[in-house]
file structure-v6.cif (mmCIF, C-alpha atoms and all ligand atoms)
data_start
loop_
_atom_site.label_atom_id
_atom_site.label_comp_id
_atom_site.auth_asym_id
_atom_site.auth_seq_id
_atom_site.Cartn_x
_atom_site.Cartn_y
_atom_site.Cartn_z
CA MET A 1 -2.82 6.50 -21.13
CA LYS A 2 -2.48 10.25 -21.55
CA ASN A 3 -1.22 10.20 -25.16
CA LEU A 4 2.25 11.49 -24.32
CA LYS A 5 3.82 9.85 -27.38
CA GLN A 6 1.24 11.24 -29.79
CA ARG A 7 1.50 14.69 -28.21
CA LEU A 8 5.28 14.65 -28.65
CA LEU A 9 4.90 13.50 -32.26
CA ASN A 10 2.52 16.42 -32.78
CA GLY A 11 5.32 18.76 -31.75
CA GLU A 12 3.99 19.67 -28.31
CA THR A 13 6.25 20.60 -25.41
CA LEU A 14 5.51 18.46 -22.35
CA ASN A 15 6.32 19.55 -18.80
CA GLY A 16 7.14 16.99 -16.15
CA CYS A 17 9.02 16.29 -12.96
CA TRP A 18 10.60 13.40 -11.07
CA LEU A 19 9.07 11.33 -8.29
CA ASN A 20 11.76 9.83 -6.11
CA LEU A 21 10.12 9.48 -2.71
CA GLY A 22 8.37 6.19 -3.47
CA SER A 23 5.19 7.67 -1.98
CA ALA A 24 1.71 7.22 -3.48
CA VAL A 25 0.48 10.26 -1.56
CA THR A 26 3.07 12.68 -2.91
CA ALA A 27 2.61 11.07 -6.35
CA GLU A 28 -1.10 11.91 -6.17
CA ILE A 29 -0.46 15.47 -5.01
CA VAL A 30 2.02 16.03 -7.84
CA GLY A 31 -0.31 14.33 -10.32
CA LEU A 32 -3.03 16.83 -9.39
CA SER A 33 -0.70 19.81 -9.84
CA GLY A 34 -0.75 20.33 -13.60
CA PHE A 35 2.30 18.51 -14.97
CA ASP A 36 1.87 16.68 -18.29
CA TRP A 37 3.95 13.77 -17.03
CA VAL A 38 5.81 12.48 -14.01
CA LEU A 39 8.64 9.99 -13.81
CA ILE A 40 8.79 7.39 -11.05
CA ASP A 41 12.49 6.84 -10.48
CA LEU A 42 13.67 3.27 -9.87
CA GLU A 43 17.30 3.99 -10.71
CA HIS A 44 17.65 6.32 -7.72
CA GLY A 45 15.26 7.28 -4.96
CA ALA A 46 13.35 5.54 -2.20
CA GLY A 47 10.90 3.57 -4.31
CA SER A 48 10.72 -0.04 -5.44
CA GLU A 49 8.61 -1.93 -7.95
CA SER A 50 5.98 -2.52 -5.23
CA THR A 51 5.67 1.16 -4.35
CA THR A 52 5.54 1.91 -8.09
CA LEU A 53 2.29 -0.02 -8.40
CA SER A 54 0.51 2.12 -5.80
CA GLN A 55 2.02 5.31 -7.22
CA ILE A 56 0.67 4.50 -10.68
CA GLN A 57 -2.74 3.75 -9.16
CA ALA A 58 -2.65 7.10 -7.35
CA ILE A 59 -1.78 9.13 -10.45
CA GLU A 60 -4.06 7.38 -12.89
CA HIS A 61 -7.17 9.39 -11.99
CA THR A 62 -5.33 12.66 -12.66
CA SER A 63 -4.57 14.17 -16.07
CA THR A 64 -0.85 13.42 -15.71
CA GLY A 65 0.89 10.62 -17.63
CA VAL A 66 3.24 8.20 -15.85
CA ILE A 67 6.72 7.22 -17.00
CA VAL A 68 8.98 4.90 -15.01
CA ARG A 69 12.75 5.00 -15.08
CA ALA A 70 13.85 1.38 -14.82
CA GLU A 71 17.03 0.59 -12.92
CA SER A 72 18.66 -0.87 -16.04
CA THR A 73 17.98 -1.96 -19.61
CA GLU A 74 17.09 -5.51 -18.50
CA PRO A 75 13.88 -6.53 -20.33
CA GLN A 76 12.23 -7.95 -17.22
CA ARG A 77 12.51 -4.63 -15.39
CA ILE A 78 10.83 -2.93 -18.36
CA HIS A 79 8.06 -5.55 -18.70
CA ARG A 80 7.10 -5.38 -15.02
CA VAL A 81 6.45 -1.64 -14.94
CA LEU A 82 4.62 -1.66 -18.28
CA ASP A 83 2.33 -4.38 -16.94
CA MET A 84 1.59 -2.11 -13.97
CA GLY A 85 0.33 0.53 -16.40
CA ALA A 86 3.30 2.80 -17.09
CA GLU A 87 2.83 4.76 -20.30
CA GLY A 88 6.52 4.83 -21.05
CA VAL A 89 9.87 3.68 -19.76
CA MET A 90 13.20 5.47 -19.50
CA CYS A 91 16.42 3.48 -19.28
CA PRO A 92 19.62 4.96 -17.86
CA LYS A 93 23.10 4.97 -19.35
CA VAL A 94 22.33 3.63 -22.80
CA ARG A 95 25.75 3.48 -24.46
CA ASN A 96 25.17 2.49 -28.08
CA ALA A 97 22.62 1.38 -30.67
CA GLU A 98 22.71 -2.25 -29.48
CA GLU A 99 21.66 -1.21 -25.97
CA ALA A 100 19.02 1.17 -27.33
CA LEU A 101 17.58 -1.67 -29.41
CA LYS A 102 17.50 -3.87 -26.30
CA VAL A 103 15.37 -1.21 -24.60
CA VAL A 104 12.98 -0.92 -27.54
CA LYS A 105 12.56 -4.69 -27.76
CA GLY A 106 11.72 -4.77 -24.06
CA LEU A 107 9.00 -2.18 -24.58
CA HIS A 108 6.98 -3.98 -27.22
CA TYR A 109 5.13 -7.22 -27.78
CA PRO A 110 6.26 -9.68 -30.47
CA PRO A 111 6.85 -9.61 -33.35
CA PHE A 112 8.43 -6.17 -32.82
CA GLY A 113 9.84 -6.86 -29.36
CA ASN A 114 10.13 -9.47 -26.62
CA ARG A 115 7.61 -8.27 -24.03
CA GLY A 116 5.92 -11.24 -22.42
CA VAL A 117 2.16 -11.45 -22.88
CA ALA A 118 0.06 -11.63 -19.74
CA LYS A 119 -3.58 -10.65 -19.98
CA MET A 120 -4.25 -10.51 -16.26
CA VAL A 121 -2.28 -7.30 -15.56
CA ARG A 122 -3.24 -3.75 -14.62
CA ALA A 123 -2.19 -2.30 -17.98
CA THR A 124 -4.94 -4.27 -19.74
CA GLN A 125 -7.54 -3.69 -16.99
CA PHE A 126 -6.92 -7.28 -15.94
CA GLY A 127 -7.87 -8.68 -19.30
CA LEU A 128 -10.97 -6.56 -19.93
CA ASN A 129 -9.10 -4.32 -22.34
CA PHE A 130 -6.40 -6.64 -23.65
CA ASN A 131 -7.23 -6.48 -27.38
CA ASP A 132 -7.37 -2.72 -27.44
CA TYR A 133 -4.22 -2.33 -25.32
CA TYR A 134 -2.33 -4.79 -27.51
CA ALA A 135 -3.50 -3.09 -30.71
CA LYS A 136 -2.48 0.38 -29.54
CA SER A 137 0.62 -0.39 -27.51
CA ARG A 138 3.16 0.31 -30.25
CA GLU A 139 1.74 3.72 -30.98
CA GLN A 140 1.23 4.60 -27.30
CA ILE A 141 4.22 3.32 -25.35
CA LEU A 142 6.91 5.95 -25.07
CA GLY A 143 10.52 4.75 -25.34
CA ILE A 144 13.12 6.96 -23.70
CA VAL A 145 16.85 6.33 -23.64
CA GLN A 146 19.18 8.35 -21.51
CA ILE A 147 22.06 10.12 -23.14
CA GLU A 148 24.51 10.51 -20.29
CA THR A 149 27.71 8.73 -21.25
CA THR A 150 30.59 9.94 -23.37
CA GLU A 151 30.42 6.69 -25.34
CA VAL A 152 26.91 7.30 -26.67
CA LEU A 153 27.91 10.75 -27.91
CA ASN A 154 29.72 8.86 -30.69
CA HIS A 155 26.60 6.85 -31.62
CA LEU A 156 23.86 9.47 -31.52
CA ASP A 157 22.69 9.14 -35.11
CA GLU A 158 22.36 5.33 -34.89
CA VAL A 159 20.52 5.52 -31.55
CA ALA A 160 18.16 8.28 -32.71
CA ALA A 161 17.34 6.39 -35.92
CA ILE A 162 15.96 3.34 -34.07
CA ASP A 163 12.21 2.94 -34.46
CA GLY A 164 10.81 2.93 -30.93
CA VAL A 165 13.39 5.32 -29.50
CA ASP A 166 11.09 8.31 -29.08
CA VAL A 167 13.06 10.55 -26.74
CA LEU A 168 16.78 11.11 -26.22
CA PHE A 169 16.85 12.19 -22.59
CA ILE A 170 19.91 14.03 -21.36
CA GLY A 171 21.08 13.13 -17.85
CA PRO A 172 22.99 16.30 -16.94
CA ALA A 173 24.52 14.95 -13.73
CA ASP A 174 25.98 11.78 -15.23
CA LEU A 175 26.90 13.39 -18.53
CA SER A 176 28.75 16.30 -16.94
CA MET A 177 30.48 13.84 -14.58
CA GLU A 178 31.66 11.72 -17.52
CA LEU A 179 32.81 14.82 -19.36
CA GLY A 180 34.90 15.79 -16.32
CA ILE A 181 32.93 19.02 -15.72
CA PHE A 182 30.45 17.87 -13.08
CA GLY A 183 27.56 20.29 -12.59
CA GLN A 184 28.96 22.89 -15.02
CA PHE A 185 25.98 23.11 -17.31
CA ASP A 186 27.21 26.32 -18.97
CA HIS A 187 30.61 24.83 -19.79
CA PRO A 188 31.34 24.89 -23.56
CA THR A 189 31.96 21.12 -23.57
CA PHE A 190 28.53 20.49 -22.03
CA VAL A 191 26.84 22.93 -24.40
CA GLU A 192 28.58 21.29 -27.35
CA ALA A 193 27.24 17.89 -26.23
CA LEU A 194 23.71 19.32 -25.90
CA ASN A 195 23.87 20.75 -29.41
CA LYS A 196 25.08 17.45 -30.79
CA ILE A 197 22.25 15.53 -29.11
CA VAL A 198 19.60 17.99 -30.29
CA ALA A 199 20.96 17.89 -33.86
CA ALA A 200 20.91 14.06 -33.99
CA ALA A 201 17.36 13.93 -32.63
CA LYS A 202 16.17 16.57 -35.07
CA LYS A 203 17.60 14.65 -38.02
CA ALA A 204 15.65 11.54 -36.96
CA ASN A 205 12.53 13.50 -36.00
CA LYS A 206 12.80 12.45 -32.34
CA ALA A 207 12.25 14.49 -29.19
CA VAL A 208 14.89 15.52 -26.65
CA GLY A 209 14.39 15.69 -22.90
CA ILE A 210 16.32 16.95 -19.91
CA LEU A 211 16.05 17.17 -16.11
CA PHE A 212 16.96 20.40 -14.31
CA PHE A 213 16.13 21.93 -10.96
CA ASN A 214 16.08 25.67 -11.54
CA PRO A 215 13.01 26.82 -13.52
CA ASP A 216 15.06 29.76 -14.81
CA ASP A 217 16.82 27.22 -17.07
CA TYR A 218 13.54 26.33 -18.80
CA GLN A 219 13.77 28.97 -21.52
CA ARG A 220 17.36 28.15 -22.37
CA TYR A 221 16.63 24.47 -22.93
CA HIS A 222 13.34 25.11 -24.71
CA ASP A 223 15.03 27.56 -27.07
CA LEU A 224 17.50 24.81 -27.97
CA GLY A 225 14.58 22.63 -29.10
CA ILE A 226 14.23 20.45 -25.99
CA ARG A 227 10.51 19.62 -25.59
CA PHE A 228 10.34 16.94 -22.90
CA LEU A 229 11.26 19.01 -19.88
CA ALA A 230 11.43 17.90 -16.25
CA CYS A 231 12.04 20.43 -13.51
CA GLY A 232 12.39 19.24 -9.91
CA ALA A 233 11.26 16.22 -7.96
CA ASP A 234 8.79 15.48 -5.17
CA ALA A 235 11.79 15.26 -2.82
CA THR A 236 13.01 18.72 -3.78
CA PHE A 237 9.51 20.19 -3.52
CA VAL A 238 9.14 18.82 0.03
CA ALA A 239 12.67 19.79 1.03
CA GLU A 240 12.31 23.34 -0.30
CA GLY A 241 8.88 23.84 1.28
CA ALA A 242 10.01 22.44 4.63
CA ARG A 243 13.24 24.43 4.74
CA THR A 244 11.51 27.66 3.76
CA MET A 245 8.86 27.18 6.45
CA ALA A 246 11.35 26.25 9.17
CA GLY A 247 13.50 29.24 8.19
CA LYS A 248 10.54 31.65 8.38
CA MET A 249 9.46 30.28 11.78
CA SER A 250 12.91 30.60 13.28
CA LYS A 251 13.15 34.16 11.95
CA PHE A 252 9.90 35.05 13.78
CA ARG A 253 11.05 33.30 16.98
CA ASN A 254 14.32 35.19 16.96
CA GLN A 255 12.75 38.62 16.39
C1 LIG B 1 21.23 12.66 -14.58
O1 LIG B 1 21.22 13.89 -14.41
O2 LIG B 1 22.25 11.97 -14.64
C2 LIG B 1 19.97 11.97 -14.68
O3 LIG B 1 19.96 10.79 -14.92
C3 LIG B 1 18.71 12.74 -14.50
O4 LIG B 1 18.15 13.04 -15.65
MG MG B 2 21.76 9.84 -14.72
#
call {"tool": "encode", "arguments": {"input": "structure-v6.cif", "output": "structure tokens"}}
result
Amino acid sequence: MKNLKQRLLNGETLNGCWLNLGSAVTAEIVGLSGFDWVLIDLEHGAGSESTTLSQIQAIEHTSTGVIVRAESTEPQRIHRVLDMGAEGVMCPKVRNAEEALKVVKGLHYPPFGNRGVAKMVRATQFGLNFNDYYAKSREQILGIVQIETTEVLNHLDEVAAIDGVDVLFIGPADLSMELGIFGQFDHPTFVEALNKIVAAAKKANKAVGILFFNPDDYQRYHDLGIRFLACGADATFVAEGARTMAGKMSKFRNQ
């Protein structure tokens, strides 16, 4: 564990990025690159729960914390990746307080939640560290719900108030699609939604996160009070590097 939850509670800004290639090798390279956290994406991307295991193993020796985005709010999907050693879980398309509570329950052991207890899992060092892991899990496991539907915009205060919802994470693609302004992140309707989300989180003393792909947007979001920032993905890093190199080589060939 890399204390992501405690660092957020202390008011730190944490920089991260997405991993959507399902590759342990790129996960390790990215983990060694200086991000505070990475997110292994099981909602989209090439990975599966089996590739997630080797990606977590690859990142663990770096200073980067690992979050997994589960494909849904189903408890079993949350339990599996926590058992592998994920430090936090993000769930997509959370629509209301009931769904947010379902996520939180999936994240924690009884009596607070419904996570099944298995000692012989990676998260507890296969039993060696079970007591310590169990004792600290509530204060260490980061719960992240995605704010990316129009419905949840009417339930922000209730969602933010739930104990165990630590981050309201804006999904700009889905949210702008639902708002009928896909990709228009400067549109007044999108900006109004951002302000509403940030205000609800602030009231409940929770953090806000967002994914973007142009680092020039960092300042704008940070100035709004967004502190859990993800810029780019392993797929975009590879694609950009490859396209730049191929472009340079063809320029030289054609000179
Ligand atoms: C989205 O943009 O919809 C996402 O889920 C990524 O954060
Ligand atoms: Mg989304």
call {"tool": "residues_near_point", "arguments": {"input": "structure-v6.cif", "point": "(6.1, 10.3, -32.4)", "cutoff": "12 Å", "atoms": "all atoms listed in the file", "output": "list of chain:residue names"}}
result
A:Asn3, A:Leu4, A:Lys5, A:Gln6, A:Arg7, A:Leu8, A:Leu9, A:Asn10, A:Gly11, A:Glu12, A:Arg138, A:Glu139, A:Gln140, A:Ile141, A:Leu142, A:Gly143, A:Ile144, A:Asp163, A:Gly164, A:Val165, A:Asp166, A:Val167, A:Ala201, A:Ala204, A:Asn205, A:Lys206, A:Ala207, A:Val208
call {"tool": "residues_near_ligand", "arguments": {"input": "structure-v6.cif", "ligand": "ligand MG 2 (chain B)", "cutoff": "10 Å", "atoms": "only C-alpha atoms and all ligand atoms", "output": "PyMOL selection string"}}
result
chain A and resi 43-44+91-93+146-149+169-177+211
call {"tool": "residues_around", "arguments": {"input": "structure-v6.cif", "residues": "Thr236 (chain A)", "least_positions_apart": "4", "cutoff": "10 Å", "atoms": "all atoms listed in the file", "output": "list of chain:residue names"}}
result
A:Trp18, A:Leu19, A:Asn20, A:Leu21, A:Phe213, A:Cys231, A:Gly232, A:Glu240, A:Gly241, A:Ala242
call {"tool": "closest_residue", "arguments": {"input": "structure-v6.cif", "among": "A:Arg69, A:Thr52, A:Thr13, A:Ala97", "to": "ligand LIG 1 (chain B)", "atoms": "all atoms listed in the file"}}
result
A:Arg69
call {"tool": "closest_residue", "arguments": {"input": "structure-v6.cif", "among": "A:Gly16, A:Pro215, A:Gly88, A:Pro75", "to": "ligand LIG 1 (chain B)", "atoms": "all atoms listed in the file"}}
result
A:Gly16
call {"tool": "atom_distance", "arguments": {"input": "structure-v6.cif", "atom1": "CA of Val191 (chain A)", "atom2": "CA of Glu178 (chain A)"}}
result
14.0 Å
call {"tool": "closest_residue", "arguments": {"input": "structure-v6.cif", "among": "A:Asn131, A:Ser48, A:Gln125, A:Gln184", "to": "Val68 (chain A)", "atoms": "all atoms listed in the file"}}
result
A:Ser48
call {"tool": "residues_around", "arguments": {"input": "structure-v6.cif", "residues": "Ala46 (chain A)", "least_positions_apart": "4", "cutoff": "12 Å", "atoms": "only C-alpha atoms", "output": "number ranges by chain"}}
result
A: 19-24, 40-42, 50-52, 234-235
call {"tool": "closest_residue", "arguments": {"input": "structure-v6.cif", "among": "A:Ser72, A:Asn195, A:Thr62, A:Thr189", "to": "ligand LIG 1 (chain B)", "atoms": "all atoms listed in the file"}}
result
A:Ser72
call {"tool": "atom_distance", "arguments": {"input": "structure-v6.cif", "atom1": "CA of Gly116 (chain A)", "atom2": "CA of Leu82 (chain A)"}}
result
10.5 Å
call {"tool": "atom_distance", "arguments": {"input": "structure-v6.cif", "atom1": "CA of Lys119 (chain A)", "atom2": "CA of Gln76 (chain A)"}}
result
16.3 Å
